[in-house]
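Colleague: Would you mind keeping the following structure in view while I ask a few things?
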Amino acid sequence: MLIEIEHDNQLHTSFKSKPQLLFVCHANGENDAIPRVMHSHNDRLEVMFIYEGTGNYSIGGEFYSVKKGDILVFNAGDVHDEHPLPSKDLTIYSCGIANLKINNLPLNHIISKKRRPIINADKHIEQIKHFFESLIFYATQPSLINQEIIYYNMLSFLLTIHKIFNEKEQNHSTKKITLGLRIKEFLDKYYLEQIDVESISDALNVNRYYLSHTFKAFTGYSPKQYIIRRRLGEAQSLLLNSDYSVAQIANKVGYSNVSNFHNIFEKVIGMSPGKYKKLWLNKEQFLSKNESNPMNN
């Protein structure tokens, strides 16, 4: 079969910038089913692909049960919670992209905020897997030509994700400003401070029992649980991206008692802070942003 390709003299492009691939990651099997609790990234977007397995995820305060073939988009600034369910078949790919500017979208957004941030790849499942496997393959064999291959593969990948979401037209209904959203915004702003339900209800002028009930219905968590997960999410980021000691990190995320921090971290994450840091920093499937990479210049 021969397919002739027609070319426009002036190539249309959706990109208004030169995106940068910061990392690509492959999680596989029960041991990689580690929760990454509530956190956000203002400097990048992340795309996750569930090739095998299931899990419970939260994006922007809304909860989703994910399954094989689901693509998850975490636009810059989206608070998200990742909880893959342990399984020997679990296979998850993810990547981080910076400096992405697409027509009519904010910086480091690949879909509109009106769109549902999870969609199933359907007929594109193997294609999406191939994109990730290709990025990982060339990332583990660094050379100038491989860096160029990574860059153009990344552009194709981003356009494919953007196209899949646009084709399915899964818009959110316009969100009303609700009490649940007001509480979430308040907690996202002050979660590192010493706040409790009483102080939240005073600040928002809402009955504390009604506040707790409304927020649980909105997010699936009590205000206290939400604060804990936001603090632990920040702690996970600091463990991986700083040289602070565990005691210093505990203090920075609102815990004056390091033993209490250890106990809460281990209960929610399933391992100690030290083990968590060692596990993720030793992963070979992680591609760090390299300043010598000409694709980043």
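Residues are referred to by chain and number: the chain letter is A, B, ... according to the order shown in the structure tokens, the number counts from 1 in that chain, and ligands are numbered separately from 1 in the order shown.
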Find the spatial neighbours of Lys18 in chain A, counting only C-alpha atoms, within a cut-off of 8 Å - ignore same-chain residues fewer than 6 positions away - and output them as a ChimeraX atom specification.
Modeller: /A:99-101
Colleague: So which residues touch Leu181 in chain A within 12 Å, counting only C-alpha atoms, skipping near sequence neighbours fewer than 6 positions away, as a PDB file with N, CA, C and O atoms, in the first residue's frame?
Modeller:
```pdb
ATOM      1  N   GLY A  60      -6.618  17.721  41.340  1.00  0.00           N
ATOM      2  CA  GLY A  60      -7.399  18.930  41.564  1.00  0.00           C
ATOM      3  C   GLY A  60      -8.561  18.735  42.511  1.00  0.00           C
ATOM      4  O   GLY A  60      -9.577  19.431  42.411  1.00  0.00           O
ATOM      5  N   GLY A  61      -8.441  17.777  43.430  1.00  0.00           N
ATOM      6  CA  GLY A  61      -9.499  17.556  44.411  1.00  0.00           C
ATOM      7  C   GLY A  61     -10.534  16.534  43.988  1.00  0.00           C
ATOM      8  O   GLY A  61     -11.393  16.160  44.780  1.00  0.00           O
ATOM      9  N   GLU A  62     -10.465  16.040  42.763  1.00  0.00           N
ATOM     10  CA  GLU A  62     -11.418  15.032  42.285  1.00  0.00           C
ATOM     11  C   GLU A  62     -10.739  13.669  42.213  1.00  0.00           C
ATOM     12  O   GLU A  62      -9.584  13.566  41.810  1.00  0.00           O
ATOM     13  N   LYS A 175     -17.470  24.288  36.901  1.00  0.00           N
ATOM     14  CA  LYS A 175     -17.532  24.093  38.352  1.00  0.00           C
ATOM     15  C   LYS A 175     -18.081  25.330  39.053  1.00  0.00           C
ATOM     16  O   LYS A 175     -17.686  26.447  38.762  1.00  0.00           O
ATOM     17  N   LEU A 187      -6.757  25.176  52.707  1.00  0.00           N
ATOM     18  CA  LEU A 187      -5.796  24.184  53.193  1.00  0.00           C
ATOM     19  C   LEU A 187      -4.543  24.154  52.325  1.00  0.00           C
ATOM     20  O   LEU A 187      -3.425  23.993  52.841  1.00  0.00           O
ATOM     21  N   ASP A 188      -4.703  24.308  51.009  1.00  0.00           N
ATOM     22  CA  ASP A 188      -3.534  24.332  50.128  1.00  0.00           C
ATOM     23  C   ASP A 188      -2.630  25.529  50.445  1.00  0.00           C
ATOM     24  O   ASP A 188      -1.416  25.467  50.237  1.00  0.00           O
ATOM     25  N   LEU A 204     -13.170  30.647  57.900  1.00  0.00           N
ATOM     26  CA  LEU A 204     -14.139  30.623  56.799  1.00  0.00           C
ATOM     27  C   LEU A 204     -15.559  30.928  57.267  1.00  0.00           C
ATOM     28  O   LEU A 204     -16.486  30.979  56.443  1.00  0.00           O
ATOM     29  N   LEU A 211     -18.498  21.894  58.036  1.00  0.00           N
ATOM     30  CA  LEU A 211     -17.267  22.032  57.265  1.00  0.00           C
ATOM     31  C   LEU A 211     -16.626  20.667  57.022  1.00  0.00           C
ATOM     32  O   LEU A 211     -16.257  20.326  55.902  1.00  0.00           O
ATOM     33  N   THR A 214     -18.781  18.485  54.652  1.00  0.00           N
ATOM     34  CA  THR A 214     -18.757  18.978  53.272  1.00  0.00           C
ATOM     35  C   THR A 214     -17.417  18.664  52.597  1.00  0.00           C
ATOM     36  O   THR A 214     -17.378  18.232  51.443  1.00  0.00           O
ATOM     37  N   PHE A 215     -16.328  18.864  53.344  1.00  0.00           N
ATOM     38  CA  PHE A 215     -15.006  18.639  52.747  1.00  0.00           C
ATOM     39  C   PHE A 215     -14.780  17.158  52.477  1.00  0.00           C
ATOM     40  O   PHE A 215     -14.192  16.792  51.454  1.00  0.00           O
ATOM     41  N   LYS A 216     -15.235  16.287  53.366  1.00  0.00           N
ATOM     42  CA  LYS A 216     -15.092  14.838  53.165  1.00  0.00           C
ATOM     43  C   LYS A 216     -15.866  14.400  51.919  1.00  0.00           C
ATOM     44  O   LYS A 216     -15.387  13.578  51.131  1.00  0.00           O
ATOM     45  N   ALA A 217     -17.046  14.970  51.724  1.00  0.00           N
ATOM     46  CA  ALA A 217     -17.840  14.637  50.549  1.00  0.00           C
ATOM     47  C   ALA A 217     -17.172  15.149  49.272  1.00  0.00           C
ATOM     48  O   ALA A 217     -17.259  14.532  48.204  1.00  0.00           O
ATOM     49  N   PHE A 218     -16.473  16.279  49.383  1.00  0.00           N
ATOM     50  CA  PHE A 218     -15.847  16.905  48.209  1.00  0.00           C
ATOM     51  C   PHE A 218     -14.558  16.206  47.800  1.00  0.00           C
ATOM     52  O   PHE A 218     -14.317  15.993  46.604  1.00  0.00           O
ATOM     53  N   THR A 219     -13.718  15.819  48.760  1.00  0.00           N
ATOM     54  CA  THR A 219     -12.392  15.277  48.445  1.00  0.00           C
ATOM     55  C   THR A 219     -12.199  13.806  48.792  1.00  0.00           C
ATOM     56  O   THR A 219     -11.271  13.165  48.289  1.00  0.00           O
TER      57      THR A 219
END
```
Colleague: Quick one: residues within 10 Å of range 29-41 of chain A, only C-alpha atoms, excluding same-chain residues fewer than 3 positions away - as an NGL selection string?
Modeller: :A and (26 or 44-46 or 52-53 or 55-61 or 74-92 or 96 or 108 or 188 or 226-237 or 268-271 or 276 or 279-280)
Colleague: Would you tabulate, counting only C-alpha atoms, all residues of range 25-61 of chain A that have an atom at most 9 Å from an atom of range 127-143 of chain A, showing the closest pair of atoms and their distance in Å to one decimal, sorted by chain then ascending number, as CSV?
Modeller:
```
residue,atom,partner,partner_atom,distance
A:Cys25,CA,A:Ile136,CA,7.6
A:His26,CA,A:Ile136,CA,8.3
A:Phe49,CA,A:Ile128,CA,7.8
A:Tyr51,CA,A:Lys129,CA,7.2
```
Colleague: Give me every strand (DSSP E or B) residue in range 52-284 of chain A, going by DSSP on the backbone, as number ranges by chain.
Modeller: A: 52, 55-59, 62-66, 70-74, 80-84, 91-98, 102, 115, 118-120, 171
Colleague: Can you list, as a PyMOL selection string, every protein, DNA or RNA residue that comes within 12 Å of range 246-252 of chain A when you count only C-alpha atoms, leaving out same-chain residues fewer than 4 positions away?
Modeller: chain A and resi 191-194+228+231-242+256-265+272-277
Colleague: Go through A:Met154, A:Ile111, A:Ile164, A:Ile102 and flag the residue nearest Ile125 in chain A, using only C-alpha atoms for the distances.
Modeller: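 When distances to Ile125 in chain A are compared using only C-alpha atoms, the smallest one comes from A:Ile164.
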Colleague: So which one's closest to Gly220 in chain A, A:Lys184, A:Arg116, A:Lys278, A:Lys68? Using only C-alpha atoms, please.
Modeller: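 Looking at the shortest contact to Gly220 in chain A, the residue is A:Lys184.
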Colleague: Check range 16-260 of chain A with DSSP on the backbone and list each residue it calls alpha helix (DSSP H), as JSON, numbers by chain.
Modeller: {"A": [125, 126, 127, 128, 129, 130, 131, 132, 133, 134, 135, 136, 137, 138, 139, 144, 145, 146, 147, 148, 149, 150, 151, 152, 153, 154, 155, 156, 157, 158, 159, 160, 161, 162, 163, 164, 165, 166, 167, 168, 179, 180, 181, 182, 183, 184, 185, 186, 187, 188, 189, 190, 197, 198, 199, 200, 201, 202, 203, 204, 208, 209, 210, 211, 212, 213, 214, 215, 216, 217, 218, 219, 223, 224, 225, 226, 227, 228, 229, 230, 231, 232, 233, 234, 235, 236, 237, 238, 239, 240, 241, 246, 247, 248, 249, 250, 251, 252, 258, 259, 260]}
Colleague: Using only C-alpha atoms, which residue out of A:Gln147, A:Thr13, A:Ser222, A:Ser199 lies closest to Asn103 in chain A?
Modeller: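 Nearest to Asn103 in chain A: A:Thr13.
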Colleague: Between CA of His213 in chain A and CA of Asp196 in chain A, what is the distance in Å, rounded to a tenth?
Modeller: 14.6 Å
